[in-house]
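Coordinates from upload.tsv are shown below (TSV, C-alpha atoms).
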chain	number	residue	atom	x	y	z
A	1	MET	CA	155.21	66.23	49.11
A	2	ASP	CA	155.10	68.31	45.93
A	3	GLN	CA	151.76	69.07	44.32
A	4	ARG	CA	150.28	65.87	42.89
A	5	LYS	CA	147.13	64.94	41.03
A	6	ILE	CA	145.14	61.81	41.85
A	7	LEU	CA	142.19	60.31	39.99
A	8	ILE	CA	139.64	58.76	42.36
A	9	ILE	CA	137.18	56.31	40.78
A	10	GLU	CA	134.58	55.72	43.48
A	11	ASP	CA	130.76	55.75	43.48
A	12	ASP	CA	130.31	56.27	47.25
A	13	VAL	CA	129.71	60.03	47.36
A	14	ASP	CA	130.25	60.33	51.13
A	15	LEU	CA	133.57	58.48	50.97
A	16	PHE	CA	134.53	60.52	47.94
A	17	ASP	CA	133.91	63.80	49.73
A	18	MET	CA	135.88	62.62	52.78
A	19	LEU	CA	138.85	61.57	50.65
A	20	GLU	CA	138.78	64.80	48.70
A	21	MET	CA	138.77	66.94	51.83
A	22	TYR	CA	141.58	64.95	53.46
A	23	LEU	CA	143.87	64.67	50.44
A	24	GLU	CA	143.53	68.28	49.35
A	25	ASP	CA	144.98	69.23	52.73
A	26	LYS	CA	147.99	67.10	51.73
A	27	ASN	CA	148.64	69.21	48.61
A	28	ILE	CA	146.93	66.70	46.31
A	29	THR	CA	144.54	67.77	43.55
A	30	ILE	CA	141.60	65.40	43.06
A	31	VAL	CA	140.02	64.41	39.75
A	32	LYS	CA	136.61	62.75	40.17
A	33	ALA	CA	135.07	59.77	38.41
A	34	TYR	CA	132.03	57.91	39.72
A	35	SER	CA	132.20	55.17	37.05
A	36	SER	CA	134.17	54.20	33.97
A	37	VAL	CA	132.23	56.66	31.79
A	38	ASP	CA	133.55	59.58	33.87
A	39	ILE	CA	137.23	58.69	33.43
A	40	PRO	CA	139.04	61.35	31.37
A	41	GLU	CA	140.51	60.22	28.07
A	42	ASP	CA	143.85	61.90	28.75
A	43	LEU	CA	145.43	60.79	32.02
A	44	SER	CA	148.94	62.07	31.29
A	45	ALA	CA	148.73	64.56	34.18
A	46	ILE	CA	147.53	61.95	36.70
A	47	ASP	CA	150.15	60.73	39.17
A	48	LEU	CA	148.15	57.95	40.86
A	49	ILE	CA	144.70	56.34	40.74
A	50	LEU	CA	142.50	55.19	43.63
A	51	LEU	CA	140.08	52.61	42.23
A	52	ASP	CA	137.02	51.02	43.80
A	53	ILE	CA	136.02	47.54	42.60
A	54	ASN	CA	132.22	47.51	42.99
A	55	LEU	CA	131.27	50.17	40.48
A	56	PRO	CA	128.27	50.61	38.17
A	57	GLY	CA	128.98	49.37	34.67
A	58	ASN	CA	132.56	48.15	34.34
A	59	ASN	CA	133.94	46.99	37.68
A	60	GLY	CA	137.32	48.00	39.04
A	61	PHE	CA	139.10	44.92	37.70
A	62	GLU	CA	137.90	45.64	34.16
A	63	ILE	CA	138.86	49.30	34.48
A	64	CYS	CA	142.34	48.42	35.77
A	65	LYS	CA	142.93	46.07	32.85
A	66	GLN	CA	141.89	48.77	30.36
A	67	LEU	CA	144.00	51.43	32.05
A	68	ARG	CA	147.09	49.24	32.04
A	69	GLU	CA	146.92	49.00	28.27
A	70	ARG	CA	147.88	52.69	28.09
A	71	TRP	CA	149.02	54.02	31.46
A	72	LEU	CA	151.73	53.16	34.01
A	73	MET	CA	150.90	55.36	37.01
A	74	PRO	CA	150.31	53.49	40.31
A	75	ILE	CA	146.81	52.06	40.78
A	76	LEU	CA	145.61	51.42	44.34
A	77	PHE	CA	142.46	49.37	44.81
A	78	LEU	CA	139.99	50.45	47.51
A	79	SER	CA	137.50	47.70	48.27
A	80	ALA	CA	135.31	46.09	50.89
A	81	ARG	CA	136.19	42.73	49.34
A	82	VAL	CA	138.56	41.00	51.73
A	83	ASN	CA	138.98	37.55	50.18
A	84	GLU	CA	142.39	36.53	48.94
A	85	ALA	CA	141.28	35.73	45.39
A	86	ASP	CA	140.14	39.31	44.78
A	87	LYS	CA	143.41	40.71	46.11
A	88	ILE	CA	145.48	38.42	43.92
A	89	GLU	CA	143.37	39.25	40.87
A	90	GLY	CA	143.77	42.97	41.47
A	91	LEU	CA	147.54	42.72	41.83
A	92	MET	CA	147.92	40.42	38.84
A	93	LEU	CA	145.95	42.82	36.65
A	94	GLY	CA	148.52	45.52	37.37
A	95	GLY	CA	147.32	47.00	40.64
A	96	ASP	CA	150.10	48.28	42.90
A	97	ASP	CA	148.29	48.00	46.22
A	98	TYR	CA	145.02	46.70	47.64
A	99	ILE	CA	143.48	48.54	50.58
A	100	THR	CA	140.44	47.06	52.30
A	101	LYS	CA	137.57	49.16	53.61
A	102	PRO	CA	137.24	50.50	56.21
A	103	PHE	CA	140.71	52.02	56.31
A	104	SER	CA	142.60	54.71	58.18
A	105	LEU	CA	143.06	57.92	56.22
A	106	ASP	CA	146.60	58.22	57.56
A	107	GLU	CA	147.40	54.69	56.37
A	108	LEU	CA	145.90	55.48	52.97
A	109	TYR	CA	148.09	58.58	52.69
A	110	ALA	CA	151.17	56.56	53.69
A	111	ARG	CA	150.46	54.07	50.91
A	112	ILE	CA	149.84	56.86	48.42
A	113	TYR	CA	153.10	58.53	49.43
A	114	THR	CA	155.05	55.26	49.17
A	115	ASN	CA	153.70	54.46	45.71
A	116	LEU	CA	154.34	57.97	44.42
A	117	THR	CA	157.89	57.84	45.76
A	118	ARG	CA	158.51	54.53	44.01
A	119	SER	CA	157.05	55.89	40.80
A	120	ASP	CA	159.50	58.82	40.88
A	121	ARG	CA	162.60	56.67	41.11
A	122	VAL	CA	165.06	56.63	38.26
A	123	LYS	CA	167.77	54.00	38.59
A	124	TYR	CA	170.57	52.87	36.36
A	125	LEU	CA	171.34	49.42	37.61
A	126	SER	CA	174.24	48.05	35.59
A	127	LYS	CA	177.65	49.46	34.73
A	128	ASN	CA	177.42	48.54	31.05
A	129	ASN	CA	173.80	49.76	30.67
A	130	GLN	CA	172.75	46.30	29.50
A	131	VAL	CA	170.06	46.44	32.16
A	132	ARG	CA	168.34	49.67	33.02
A	133	LEU	CA	165.26	50.55	35.04
A	134	ILE	CA	163.70	53.78	33.89
A	135	GLU	CA	161.19	56.05	35.61
A	136	GLY	CA	157.78	54.48	35.89
A	137	SER	CA	157.70	50.80	34.96
A	138	VAL	CA	159.90	50.59	31.89
A	139	PHE	CA	162.67	48.02	31.82
A	140	SER	CA	165.40	48.44	29.24
A	141	LEU	CA	167.33	45.33	28.23
A	142	ASN	CA	170.04	45.60	25.57
A	143	GLY	CA	168.56	48.94	24.56
A	144	VAL	CA	165.04	47.54	24.12
A	145	ALA	CA	162.34	48.85	26.45
A	146	LEU	CA	159.95	46.29	27.90
A	147	ASP	CA	156.71	47.38	29.52
A	148	LEU	CA	156.24	45.96	33.00
A	149	THR	CA	153.55	46.27	35.58
A	150	LYS	CA	154.52	48.26	38.65
A	151	SER	CA	154.81	45.07	40.68
A	152	GLU	CA	157.10	43.47	38.09
A	153	PHE	CA	159.23	46.61	38.04
A	154	GLU	CA	159.56	46.64	41.82
A	155	ILE	CA	160.52	42.95	41.97
A	156	LEU	CA	163.26	43.62	39.42
A	157	GLU	CA	164.39	46.69	41.32
A	158	LEU	CA	164.71	44.65	44.51
A	159	LEU	CA	166.62	41.81	42.84
A	160	VAL	CA	168.93	43.96	40.71
A	161	ASN	CA	169.85	46.18	43.66
A	162	ASN	CA	170.88	43.06	45.59
A	163	PRO	CA	172.77	40.89	43.09
A	164	LYS	CA	173.39	37.25	44.00
A	165	GLN	CA	171.32	37.62	47.17
A	166	ILE	CA	168.54	35.03	47.43
A	167	PHE	CA	165.04	36.34	48.16
A	168	SER	CA	162.26	33.97	49.15
A	169	LYS	CA	158.78	34.52	47.75
A	170	GLU	CA	157.65	35.57	51.23
A	171	ARG	CA	160.44	38.13	51.55
A	172	ILE	CA	159.74	39.62	48.13
A	173	TYR	CA	156.02	39.79	48.92
A	174	ASP	CA	156.66	41.49	52.27
A	175	SER	CA	159.07	43.97	50.66
A	176	LEU	CA	156.51	45.02	48.07
A	177	TRP	CA	153.21	44.86	49.91
A	178	GLY	CA	154.12	44.86	53.59
A	179	ILE	CA	154.25	42.25	56.31
A	180	ASP	CA	150.68	42.99	57.36
A	181	SER	CA	149.25	42.47	53.86
A	182	PHE	CA	146.68	39.71	53.52
A	183	GLY	CA	147.56	37.78	50.42
A	184	ASN	CA	149.38	34.82	48.99
A	185	PRO	CA	153.15	35.06	48.29
A	186	GLN	CA	152.49	32.65	45.39
A	187	VAL	CA	151.63	35.76	43.37
A	188	VAL	CA	155.38	36.46	43.31
A	189	SER	CA	156.00	33.31	41.24
A	190	GLU	CA	153.47	34.51	38.66
A	191	HIS	CA	155.18	37.89	38.45
A	192	ILE	CA	158.61	36.25	38.04
A	193	ARG	CA	157.24	34.06	35.25
A	194	ASN	CA	155.83	37.12	33.46
A	195	ILE	CA	159.12	38.99	33.85
A	196	ARG	CA	161.09	36.09	32.39
A	197	ASN	CA	158.74	35.78	29.43
A	198	LYS	CA	159.12	39.46	28.61
A	199	MET	CA	162.91	39.34	28.93
A	200	ALA	CA	163.12	36.21	26.79
A	201	GLU	CA	161.67	38.19	23.88
A	202	VAL	CA	164.86	40.27	23.84
A	203	SER	CA	167.65	38.10	25.24
A	204	ASP	CA	168.52	34.42	25.64
A	205	GLN	CA	170.57	35.17	28.76
A	206	GLU	CA	169.32	34.02	32.15
A	207	PHE	CA	168.98	36.95	34.52
A	208	ILE	CA	166.86	35.57	37.37
A	209	LYS	CA	167.92	32.27	38.90
A	210	THR	CA	165.53	29.99	40.77
A	211	HIS	CA	166.99	28.39	43.90
A	212	TRP	CA	164.57	25.55	44.51
A	213	GLY	CA	163.12	25.66	48.00
A	214	LEU	CA	164.86	28.98	48.71
A	215	GLY	CA	163.77	31.69	46.28
A	216	TYR	CA	165.19	33.86	43.50
A	217	SER	CA	168.36	35.83	42.84
A	218	TRP	CA	169.63	38.24	40.18
A	219	ILE	CA	172.59	36.87	38.23
A	220	GLY	CA	172.50	39.13	35.17
Could you render the structure as structure tokens?
Amino acid sequence: MDQRKILIIEDDVDLFDMLEMYLEDKNITIVKAYSSVDIPEDLSAIDLILLDINLPGNNGFEICKQLRERWLMPILFLSARVNEADKIEGLMLGGDDYITKPFSLDELYARIYTNLTRSDRVKYLSKNNQVRLIEGSVFSLNGVALDLTKSEFEILELLVNNPKQIFSKERIYDSLWGIDSFGNPQVVSEHIRNIRNKMAEVSDQEFIKTHWGLGYSWIG
């Protein structure tokens, strides 16, 4: 993997040092923040963020919400919280992955690599350019760019790349977060609703069809 820069927001110094040592061997430069006050103002050079939830001051959920108002790089939660509600909240706030502690360093790197690879993709997904997915999480519809969360972007990417194919909520969830993820596929319905609302601001056309009891398909 090419040289990358990751911001780690974590107050556990021992874990921080371990992550820094491991990731620097993977050609990744680390930027440190132990709480929200340490986060740099300019994150334009940051490729990905690892974010703890239990932090002094603003917690990880609050930080994620604030970051998503300005930045689109992948955000991966690192947390000892294992309950489903926390995972759903993190993903719905714009998190791209949720990794529970303790975790394997090799698994963490695999998830980092996967998210960085997704973030690098540039796809033009319709012949007439009516619909276009641009690098990061920007969705262009009729020439108007709509800001999406990473999860919303990836759901659209999956559907648009497989037109008229029906995807169940479970299949979409597994495609984005993995079969072994512990969460509720119902989060997919919330993402679809958000996507439709954003698209409706630009076009009256129906792009995502609901097949009751089966799932969703792209018909745009």
Mind running region 28-103 of chain A against region 143-151 of chain A at 12 Å and telling me each contacting residue's nearest atom pair with the distance in Å (one decimal), counting only C-alpha atoms, chain and number ascending, as a Markdown table?
| residue | atom | partner | partner_atom | distance |
| --- | --- | --- | --- | --- |
| A:Leu48 | CA | A:Lys150 | CA | 11.8 |
| A:Cys64 | CA | A:Thr149 | CA | 11.4 |
| A:Lys65 | CA | A:Thr149 | CA | 11.0 |
| A:Leu67 | CA | A:Thr149 | CA | 11.4 |
| A:Arg68 | CA | A:Thr149 | CA | 7.9 |
| A:Glu69 | CA | A:Asp147 | CA | 10.0 |
| A:Arg70 | CA | A:Asp147 | CA | 10.4 |
| A:Trp71 | CA | A:Thr149 | CA | 9.9 |
| A:Leu72 | CA | A:Thr149 | CA | 7.3 |
| A:Met73 | CA | A:Lys150 | CA | 8.1 |
| A:Pro74 | CA | A:Lys150 | CA | 6.9 |
| A:Ile75 | CA | A:Lys150 | CA | 8.9 |
| A:Leu76 | CA | A:Lys150 | CA | 11.0 |
| A:Ile88 | CA | A:Ser151 | CA | 11.9 |
| A:Gly90 | CA | A:Ser151 | CA | 11.3 |
| A:Leu91 | CA | A:Ser151 | CA | 7.7 |
| A:Met92 | CA | A:Ser151 | CA | 8.5 |
| A:Leu93 | CA | A:Thr149 | CA | 8.4 |
| A:Gly94 | CA | A:Thr149 | CA | 5.4 |
| A:Gly95 | CA | A:Lys150 | CA | 7.6 |
| A:Asp96 | CA | A:Ser151 | CA | 6.1 |
| A:Asp97 | CA | A:Ser151 | CA | 9.0 |
Please produce a file of the residues just selected, as an mmCIF file, in the coordinates of the input, where the atoms kept are C-alpha atoms.
data_model
loop_
_atom_site.group_PDB
_atom_site.id
_atom_site.type_symbol
_atom_site.label_atom_id
_atom_site.label_comp_id
_atom_site.auth_asym_id
_atom_site.auth_seq_id
_atom_site.Cartn_x
_atom_site.Cartn_y
_atom_site.Cartn_z
ATOM 1 C CA LEU A 48 148.150 57.950 40.860
ATOM 2 C CA CYS A 64 142.340 48.420 35.770
ATOM 3 C CA LYS A 65 142.930 46.070 32.850
ATOM 4 C CA LEU A 67 144.000 51.430 32.050
ATOM 5 C CA ARG A 68 147.090 49.240 32.040
ATOM 6 C CA GLU A 69 146.920 49.000 28.270
ATOM 7 C CA ARG A 70 147.880 52.690 28.090
ATOM 8 C CA TRP A 71 149.020 54.020 31.460
ATOM 9 C CA LEU A 72 151.730 53.160 34.010
ATOM 10 C CA MET A 73 150.900 55.360 37.010
ATOM 11 C CA PRO A 74 150.310 53.490 40.310
ATOM 12 C CA ILE A 75 146.810 52.060 40.780
ATOM 13 C CA LEU A 76 145.610 51.420 44.340
ATOM 14 C CA ILE A 88 145.480 38.420 43.920
ATOM 15 C CA GLY A 90 143.770 42.970 41.470
ATOM 16 C CA LEU A 91 147.540 42.720 41.830
ATOM 17 C CA MET A 92 147.920 40.420 38.840
ATOM 18 C CA LEU A 93 145.950 42.820 36.650
ATOM 19 C CA GLY A 94 148.520 45.520 37.370
ATOM 20 C CA GLY A 95 147.320 47.000 40.640
ATOM 21 C CA ASP A 96 150.100 48.280 42.900
ATOM 22 C CA ASP A 97 148.290 48.000 46.220
#
Counting only C-alpha atoms, closest pick from A:Lys5, A:Lys164, A:Lys32, A:Arg111 relative to Asp17 (chain A) is A:Lys32
Shell around His211 (chain A) at 10 Å using all atoms listed in the file, local window under 5 positions removed, as a compact mmCIF listing (two decimals) with C-alpha atoms, in the frame of the given file:
# COMPACT_ATOMS: atom_id res chain seq x y z
CA ILE A 166 168.54 35.03 47.43
CA PHE A 167 165.04 36.34 48.16
CA SER A 168 162.26 33.97 49.15
CA TYR A 216 165.19 33.86 43.50
CA SER A 217 168.36 35.83 42.84
d(CA of Lys101 (chain A), CA of Ile9 (chain A)) in Å: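 If I compute the distance from CA of Lys101 (chain A) to CA of Ile9 (chain A), I get 14.7 Å.
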So how far away is CA of Glu89 (chain A) from CA of Glu62 (chain A), in Å?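 Distance between the two atoms: 10.8 Å.
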Taking into account only C-alpha atoms, which residue in the set A:Leu141, A:Ile49, A:Leu55, A:Leu158 is nearest to Ser203 (chain A)?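 Of A:Leu141, A:Ile49, A:Leu55, A:Leu158, the one nearest Ser203 (chain A) is A:Leu141, counting only C-alpha atoms.
CA of Ser189 (chain A) lies 12.0 Å from CA of Trp212 (chain A).
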Skipping near chain neighbours, those fewer than 6 positions away, what residues fall within 9 Å of Ile30 (chain A) using all atoms listed in the file, listed as a ChimeraX atom specification? /A:4-8,19-20,23-24
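Comparing the minimum interatomic distances between Glu157 (chain A) and each of A:Asn58, A:Ser175, A:Asn83, A:Thr100, counting all atoms listed in the file, we find that A:Ser175 sits nearest.
Take the candidates A:Met21, A:Thr29, A:Val37, A:Ala200 and check each one against Leu105 (chain A) using all atoms listed in the file; the shortest distance goes to A:Met21.
The shortest atom-to-atom distance to Phe61 (chain A), with only C-alpha atoms taken into account, belongs to A:Asp86 out of A:Asp86, A:Asp25, A:Glu154, A:Asp14.
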Would you mind telling me which residue in A:Phe153, A:Gln3, A:Val13, A:Trp177 lies nearest to Ile46 (chain A) when using all atoms listed in the file?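 That would be A:Gln3, the residue with the smallest distance to Ile46 (chain A).
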Mind checking which residues fall within 12 Å of Arg196 (chain A), counting only C-alpha atoms, ignoring those fewer than 4 positions away in the same chain, and posting them as a PyMOL selection string? chain A and resi 141+146+148+152+155-156+189-192+200-210+218
Complete the atoms of region 78-89 of chain A to N, CA and C atoms and put them out as a short mmCIF file (atom, residue, chain, number, x, y, z; two decimals), in the frame of the given file.
data_model
loop_
_atom_site.label_atom_id
_atom_site.label_comp_id
_atom_site.auth_asym_id
_atom_site.auth_seq_id
_atom_site.Cartn_x
_atom_site.Cartn_y
_atom_site.Cartn_z
N LEU A 78 140.71 50.23 46.25
CA LEU A 78 139.99 50.45 47.51
C LEU A 78 138.75 49.57 47.46
N SER A 79 138.62 48.63 48.39
CA SER A 79 137.50 47.70 48.27
C SER A 79 137.11 47.12 49.61
N ALA A 80 135.81 46.82 49.72
CA ALA A 80 135.31 46.09 50.89
C ALA A 80 135.51 44.59 50.73
N ARG A 81 135.93 44.15 49.55
CA ARG A 81 136.19 42.73 49.34
C ARG A 81 137.49 42.34 50.04
N VAL A 82 137.40 41.36 50.91
CA VAL A 82 138.56 41.00 51.73
C VAL A 82 139.12 39.63 51.38
N ASN A 83 138.49 38.90 50.45
CA ASN A 83 138.98 37.55 50.18
C ASN A 83 140.25 37.60 49.35
N GLU A 84 141.06 36.59 49.54
CA GLU A 84 142.39 36.53 48.94
C GLU A 84 142.34 36.52 47.41
N ALA A 85 141.36 35.84 46.85
CA ALA A 85 141.28 35.73 45.39
C ALA A 85 141.13 37.10 44.74
N ASP A 86 140.32 37.97 45.34
CA ASP A 86 140.14 39.31 44.78
C ASP A 86 141.43 40.11 44.86
N LYS A 87 142.16 39.98 45.97
CA LYS A 87 143.41 40.71 46.11
C LYS A 87 144.44 40.25 45.08
N ILE A 88 144.53 38.95 44.90
CA ILE A 88 145.48 38.42 43.92
C ILE A 88 145.10 38.87 42.52
N GLU A 89 143.81 38.82 42.20
CA GLU A 89 143.37 39.25 40.87
C GLU A 89 143.73 40.70 40.63
#
